[in-house]
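*Asks:* Okay, handing you the structure first.
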Amino acid sequence: MKITPIASSANVLLKKVRGLQVRQMREKQGEFLVEGAKLVCEAFAKELVVTDVLVSKSFLASGFGEAHAANITEVSLVEDKLFEELVSTQGPCGIVAVAEMLRWSVDDLFAGAVPLVVIAEAIQDPGNLGTMIRTALAARASGMILTKGTVDPFNPKVVRSAAGALFMLPIVTDMTTEDAIGWVKKHGLSLITCQMGAEKIYWEADMTGPTALAFGNEGQGFSASIVSQADDSVSIPMHQGSESLNVSISAGIILFGAVQQRAKQQRAVQSW
């Protein structure tokens, strides 16, 4: 393995990595950060274009951990104190990679015979969005639309909480709500919103056909336009003492409700 030591905080590569903590710089460079050995291995396994790998001295001295599995051939070696400035992780992660952003087209979202698309309208918490991405992939969603006002999916905290799902799930970002609705309608999907107080329980809605499931902002909910144009609105029944569920948990419940419906329909077709 080729090791290039970096001793100065003014080093060009270190400046670039620090800059990639900011959305504007990520979009300008077309690159993002992958923090931690497990995610770096995932990035290599999923064949992302990785341009740089940086490791701390203590991480290298400890044996490189599971990052050995990535067969990395070249790293930049950084003093521990300097390395702490490069990552958002609380506590030692030891390794960070710079990778090219994945680019998906709108058509990628509607691939397959029965698309299941998730719309995140102005979701602002990185942990929520990352978990939604991870859950959407697990539920075999065909992709996600992130409307304007939604946190950047390449935010390091989103990348971490998505746990590698970001490298596989088609995601289109920064779309207006009106455009998102337009694409969903154009492709013949039923648009279903999840809202507290909706009379229909989520398992009563038909999600076996082409479906778009929309989830709103943590505090404000949905915009008027998506509510007015939804084909259906569903809620999750809860104990009367409960106020609400986290949006990522709600997404998981309803997505796997769709999975269950589709599995039952498939079994029925096969038995017929």
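All residue names refer to the structure tokens as shown: chains lettered A, B, ... in order, residues numbered from 1 in each chain, ligands numbered from 1 in order.
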Set out as CSV a contact list for range 138-232 of chain A and range 12-34 of chain A with a cut-off of 8 Å, giving each residue of range 138-232 of chain A that qualifies its closest atom pair and distance in Å to one decimal, counting only C-alpha atoms, ordered by chain and rising residue number.
*Replies:*
```
residue,atom,partner,partner_atom,distance
A:Asp152,CA,A:Arg23,CA,7.0
A:Phe154,CA,A:Phe32,CA,6.1
A:Asn155,CA,A:Arg23,CA,6.9
A:Pro156,CA,A:Leu33,CA,6.2
A:Val159,CA,A:Val34,CA,7.0
A:Arg160,CA,A:Val34,CA,7.7
```
*Asks:* Could you write those residues out with C-alpha atoms, as a CSV table (one decimal), in the first residue's frame?
*Replies:*
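After the write, part-v2.csv holds the following:
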```csv
chain,number,residue,atom,x,y,z
A,152,ASP,CA,-28.9,16.8,1.4
A,154,PHE,CA,-24.8,13.4,0.9
A,155,ASN,CA,-24.7,15.2,4.2
A,156,PRO,CA,-22.2,13.0,6.2
A,159,VAL,CA,-24.6,9.0,4.7
A,160,ARG,CA,-23.8,7.4,8.0
```
*Asks:* Where in range 10-239 of chain A does DSSP assign strand (DSSP E), given as an MDAnalysis selection string?
*Replies:* chainID A and resid 31:35 50:56 74:78 95:100 116:120 143:147 171:175 190:194 200:201 211:215 232:235
*Asks:* Using only N, CA and C atoms, please write the residues we just selected to a file, as a short mmCIF file (atom, residue, chain, number, x, y, z; two decimals), in the first residue's frame.
*Replies:*
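Wrote out-v3.cif, looks like this:
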```
data_model
loop_
_atom_site.label_atom_id
_atom_site.label_comp_id
_atom_site.auth_asym_id
_atom_site.auth_seq_id
_atom_site.Cartn_x
_atom_site.Cartn_y
_atom_site.Cartn_z
N GLU A 31 -18.63 15.68 -5.19
CA GLU A 31 -18.05 14.64 -4.35
C GLU A 31 -18.63 14.73 -2.94
N PHE A 32 -18.50 13.64 -2.19
CA PHE A 32 -18.99 13.62 -0.81
C PHE A 32 -18.08 12.74 0.03
N LEU A 33 -18.30 12.76 1.33
CA LEU A 33 -17.45 12.03 2.26
C LEU A 33 -18.11 10.74 2.74
N VAL A 34 -17.30 9.71 2.85
CA VAL A 34 -17.73 8.42 3.39
C VAL A 34 -16.87 8.16 4.62
N GLU A 35 -17.49 8.18 5.80
CA GLU A 35 -16.75 8.10 7.05
C GLU A 35 -16.87 6.73 7.70
N VAL A 50 -13.99 6.26 -5.93
CA VAL A 50 -13.33 6.83 -4.75
C VAL A 50 -12.04 7.49 -5.20
N THR A 51 -11.92 8.78 -4.94
CA THR A 51 -10.75 9.53 -5.41
C THR A 51 -9.65 9.62 -4.38
N ASP A 52 -10.00 9.61 -3.09
CA ASP A 52 -9.00 9.73 -2.03
C ASP A 52 -9.44 8.95 -0.80
N VAL A 53 -8.47 8.39 -0.10
CA VAL A 53 -8.72 7.75 1.20
C VAL A 53 -7.72 8.33 2.20
N LEU A 54 -8.23 8.80 3.32
CA LEU A 54 -7.39 9.37 4.36
C LEU A 54 -7.57 8.58 5.64
N VAL A 55 -6.47 8.31 6.34
CA VAL A 55 -6.54 7.57 7.60
C VAL A 55 -5.74 8.31 8.66
N SER A 56 -6.14 8.12 9.91
CA SER A 56 -5.39 8.70 11.02
C SER A 56 -4.21 7.78 11.36
N GLU A 74 -3.89 2.90 -1.80
CA GLU A 74 -3.21 4.17 -1.56
C GLU A 74 -3.99 4.98 -0.52
N VAL A 75 -3.29 5.49 0.48
CA VAL A 75 -3.92 6.33 1.50
C VAL A 75 -3.05 7.54 1.80
N SER A 76 -3.72 8.58 2.32
CA SER A 76 -3.02 9.73 2.87
C SER A 76 -3.06 9.59 4.39
N LEU A 77 -1.91 9.70 5.02
CA LEU A 77 -1.79 9.49 6.46
C LEU A 77 -1.78 10.84 7.18
N VAL A 78 -2.71 10.99 8.15
CA VAL A 78 -2.93 12.28 8.80
C VAL A 78 -2.76 12.14 10.31
N ILE A 95 -10.92 6.60 9.43
CA ILE A 95 -10.77 6.56 7.99
C ILE A 95 -11.93 7.31 7.32
N VAL A 96 -11.60 8.06 6.28
CA VAL A 96 -12.62 8.77 5.51
C VAL A 96 -12.22 8.71 4.04
N ALA A 97 -13.20 8.52 3.18
CA ALA A 97 -12.96 8.47 1.74
C ALA A 97 -13.72 9.59 1.05
N VAL A 98 -13.16 10.06 -0.03
CA VAL A 98 -13.83 11.03 -0.90
C VAL A 98 -14.32 10.27 -2.12
N ALA A 99 -15.63 10.33 -2.37
CA ALA A 99 -16.22 9.59 -3.48
C ALA A 99 -17.04 10.52 -4.36
N GLU A 100 -17.15 10.16 -5.62
CA GLU A 100 -17.98 10.93 -6.54
C GLU A 100 -19.45 10.68 -6.23
N LEU A 116 -42.60 1.45 -6.49
CA LEU A 116 -42.93 1.93 -5.16
C LEU A 116 -41.96 3.07 -4.85
N VAL A 117 -42.45 4.29 -4.92
CA VAL A 117 -41.60 5.47 -4.78
C VAL A 117 -41.91 6.16 -3.45
N VAL A 118 -40.88 6.62 -2.78
CA VAL A 118 -41.04 7.36 -1.53
C VAL A 118 -40.76 8.84 -1.81
N ILE A 119 -41.68 9.71 -1.39
CA ILE A 119 -41.48 11.15 -1.50
C ILE A 119 -41.22 11.70 -0.10
N ALA A 120 -40.07 12.34 0.08
CA ALA A 120 -39.74 12.99 1.34
C ALA A 120 -39.90 14.49 1.13
N GLY A 143 -37.27 3.83 -5.57
CA GLY A 143 -36.49 5.05 -5.47
C GLY A 143 -37.15 6.08 -4.57
N MET A 144 -36.46 7.22 -4.40
CA MET A 144 -36.97 8.29 -3.56
C MET A 144 -36.87 9.63 -4.28
N ILE A 145 -37.85 10.49 -4.00
CA ILE A 145 -37.81 11.88 -4.44
C ILE A 145 -37.68 12.75 -3.19
N LEU A 146 -36.66 13.61 -3.17
CA LEU A 146 -36.47 14.53 -2.06
C LEU A 146 -36.82 15.93 -2.56
N THR A 147 -37.84 16.51 -1.98
CA THR A 147 -38.26 17.84 -2.46
C THR A 147 -37.34 18.92 -1.90
N ILE A 171 -32.11 8.00 -6.09
CA ILE A 171 -32.64 9.16 -5.38
C ILE A 171 -32.49 10.39 -6.26
N VAL A 172 -33.58 11.13 -6.40
CA VAL A 172 -33.55 12.41 -7.12
C VAL A 172 -33.82 13.51 -6.10
N THR A 173 -32.98 14.54 -6.09
CA THR A 173 -33.06 15.56 -5.05
C THR A 173 -33.51 16.92 -5.58
N ASP A 174 -33.86 17.78 -4.64
CA ASP A 174 -34.11 19.20 -4.91
C ASP A 174 -35.22 19.42 -5.94
N MET A 175 -36.23 18.57 -5.92
CA MET A 175 -37.36 18.70 -6.84
C MET A 175 -38.47 19.48 -6.15
N SER A 190 -50.37 5.80 -7.75
CA SER A 190 -51.32 6.31 -6.78
C SER A 190 -50.53 7.03 -5.68
N LEU A 191 -50.89 8.28 -5.42
CA LEU A 191 -50.17 9.09 -4.43
C LEU A 191 -50.88 9.00 -3.08
N ILE A 192 -50.17 8.47 -2.09
CA ILE A 192 -50.73 8.27 -0.76
C ILE A 192 -49.90 9.06 0.26
N THR A 193 -50.57 9.90 1.04
CA THR A 193 -49.89 10.64 2.10
C THR A 193 -50.14 9.97 3.44
N CYS A 194 -49.15 10.08 4.32
CA CYS A 194 -49.30 9.57 5.69
C CYS A 194 -49.51 10.77 6.61
N LYS A 200 -58.57 6.71 7.15
CA LYS A 200 -58.21 5.37 6.66
C LYS A 200 -56.91 4.92 7.31
N ILE A 201 -56.91 3.70 7.85
CA ILE A 201 -55.69 3.11 8.41
C ILE A 201 -54.85 2.59 7.25
N THR A 211 -47.28 2.76 -6.69
CA THR A 211 -47.63 3.60 -5.55
C THR A 211 -46.51 4.57 -5.20
N ALA A 212 -46.88 5.78 -4.84
CA ALA A 212 -45.95 6.74 -4.25
C ALA A 212 -46.41 7.04 -2.84
N LEU A 213 -45.54 6.82 -1.87
CA LEU A 213 -45.85 7.09 -0.47
C LEU A 213 -45.14 8.37 -0.05
N ALA A 214 -45.90 9.35 0.42
CA ALA A 214 -45.34 10.65 0.77
C ALA A 214 -45.30 10.85 2.28
N PHE A 215 -44.19 11.41 2.74
CA PHE A 215 -44.00 11.68 4.17
C PHE A 215 -43.55 13.13 4.32
N ASP A 232 -55.04 9.32 -1.82
CA ASP A 232 -55.49 8.71 -0.57
C ASP A 232 -54.64 9.27 0.56
N SER A 233 -55.17 9.19 1.77
CA SER A 233 -54.44 9.63 2.95
C SER A 233 -54.65 8.59 4.05
N VAL A 234 -53.55 8.20 4.68
CA VAL A 234 -53.64 7.13 5.67
C VAL A 234 -52.98 7.54 6.97
N SER A 235 -53.36 6.86 8.03
CA SER A 235 -52.76 7.08 9.34
C SER A 235 -52.32 5.76 9.94
#
```
*Asks:* Can you tell me how far CA of Trp203 in chain A sits from CA of Gly127 in chain A, in Å to one decimal?
*Replies:* 26.2 Å
*Asks:* What's the separation between CA of Gly130 in chain A and CA of Ser161 in chain A, in Å to one decimal place?
*Replies:*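 One can read the CA of Gly130 in chain A to CA of Ser161 in chain A distance as 4.7 Å.
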*Asks:* Between A:Gly91, A:Gly149, A:Gly241, A:Gly36, which is the closest to Gly65 in chain A once you count only C-alpha atoms?
*Replies:* A:Gly36
*Asks:* As a list of chain:residue names, please: the residues near Gly164 in chain A (cut-off 8 Å, only C-alpha atoms, same-chain neighbours under 5 positions excluded).
*Replies:*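 Result of the neighbour search: A:Leu39, A:Glu42, A:Ala43, A:Arg134, A:Val159.
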*Asks:* Go through range 102-131 of chain A and flag each residue having an atom no more than 8 Å from range 242-266 of chain A; for those, report the closest pair of atoms plus their distance in Å to one decimal, using only C-alpha atoms, ordered by chain and rising number, as JSON lines.
*Replies:*
```
{"residue": "A:Asn128", "atom": "CA", "partner": "A:Ser248", "partner_atom": "CA", "distance": 5.2}
{"residue": "A:Leu129", "atom": "CA", "partner": "A:Ser248", "partner_atom": "CA", "distance": 7.1}
{"residue": "A:Thr131", "atom": "CA", "partner": "A:Ser248", "partner_atom": "CA", "distance": 6.1}
```
*Asks:* With only C-alpha atoms as the basis for distance, which of A:Ala70, A:Ala162, A:Ala37, A:Ala45 is at the shortest distance from Ala136 in chain A?
*Replies:* A:Ala162
*Asks:* Using only C-alpha atoms, which residues sit within 6 Å of range 103-115 of chain A once same-chain residues fewer than 3 positions away are excluded, as a compact mmCIF listing (two decimals) with N, CA and C atoms, in the first residue's frame?
*Replies:*
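So result11.txt came out as:
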```txt
# COMPACT_ATOMS: atom_id res chain seq x y z
N SER A 142 -38.52 1.44 -5.28
CA SER A 142 -37.79 1.64 -6.53
C SER A 142 -36.99 2.93 -6.52
N GLY A 143 -37.27 3.83 -5.57
CA GLY A 143 -36.49 5.05 -5.47
C GLY A 143 -37.15 6.08 -4.57
N PRO A 170 -31.95 4.51 -6.03
CA PRO A 170 -32.08 5.70 -6.87
C PRO A 170 -32.77 6.84 -6.12
N GLY A 209 -50.56 -1.85 -6.30
CA GLY A 209 -50.26 -1.31 -7.61
C GLY A 209 -49.14 -0.28 -7.54
N PRO A 210 -48.81 0.36 -8.66
CA PRO A 210 -47.79 1.41 -8.65
C PRO A 210 -48.16 2.50 -7.64
```
*Asks:* Can you tell me, as a PyMOL selection string, which residues in range 173-217 of chain A count as alpha helix (DSSP H) by DSSP?
*Replies:* chain A and resi 177-186
*Asks:* Can you spit out the residues from that selection as an mmCIF file, in the first residue's frame, using C-alpha atoms?
*Replies:*
```
data_model
loop_
_atom_site.group_PDB
_atom_site.id
_atom_site.type_symbol
_atom_site.label_atom_id
_atom_site.label_comp_id
_atom_site.auth_asym_id
_atom_site.auth_seq_id
_atom_site.Cartn_x
_atom_site.Cartn_y
_atom_site.Cartn_z
ATOM 1 C CA THR A 177 -43.360 19.315 -4.737
ATOM 2 C CA GLU A 178 -45.381 20.198 -7.836
ATOM 3 C CA ASP A 179 -42.843 18.502 -10.114
ATOM 4 C CA ALA A 180 -42.746 15.440 -7.855
ATOM 5 C CA ILE A 181 -46.520 15.121 -8.059
ATOM 6 C CA GLY A 182 -46.384 15.636 -11.812
ATOM 7 C CA TRP A 183 -43.875 12.807 -12.331
ATOM 8 C CA VAL A 184 -45.848 10.470 -10.081
ATOM 9 C CA LYS A 185 -49.088 11.170 -11.955
ATOM 10 C CA LYS A 186 -47.379 10.906 -15.346
#
```
*Asks:* Any idea what the distance is between CA of Met132 in chain A and CA of Met207 in chain A?
*Replies:*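 Value for the CA of Met132 in chain A-CA of Met207 in chain A distance: 18.0 Å.
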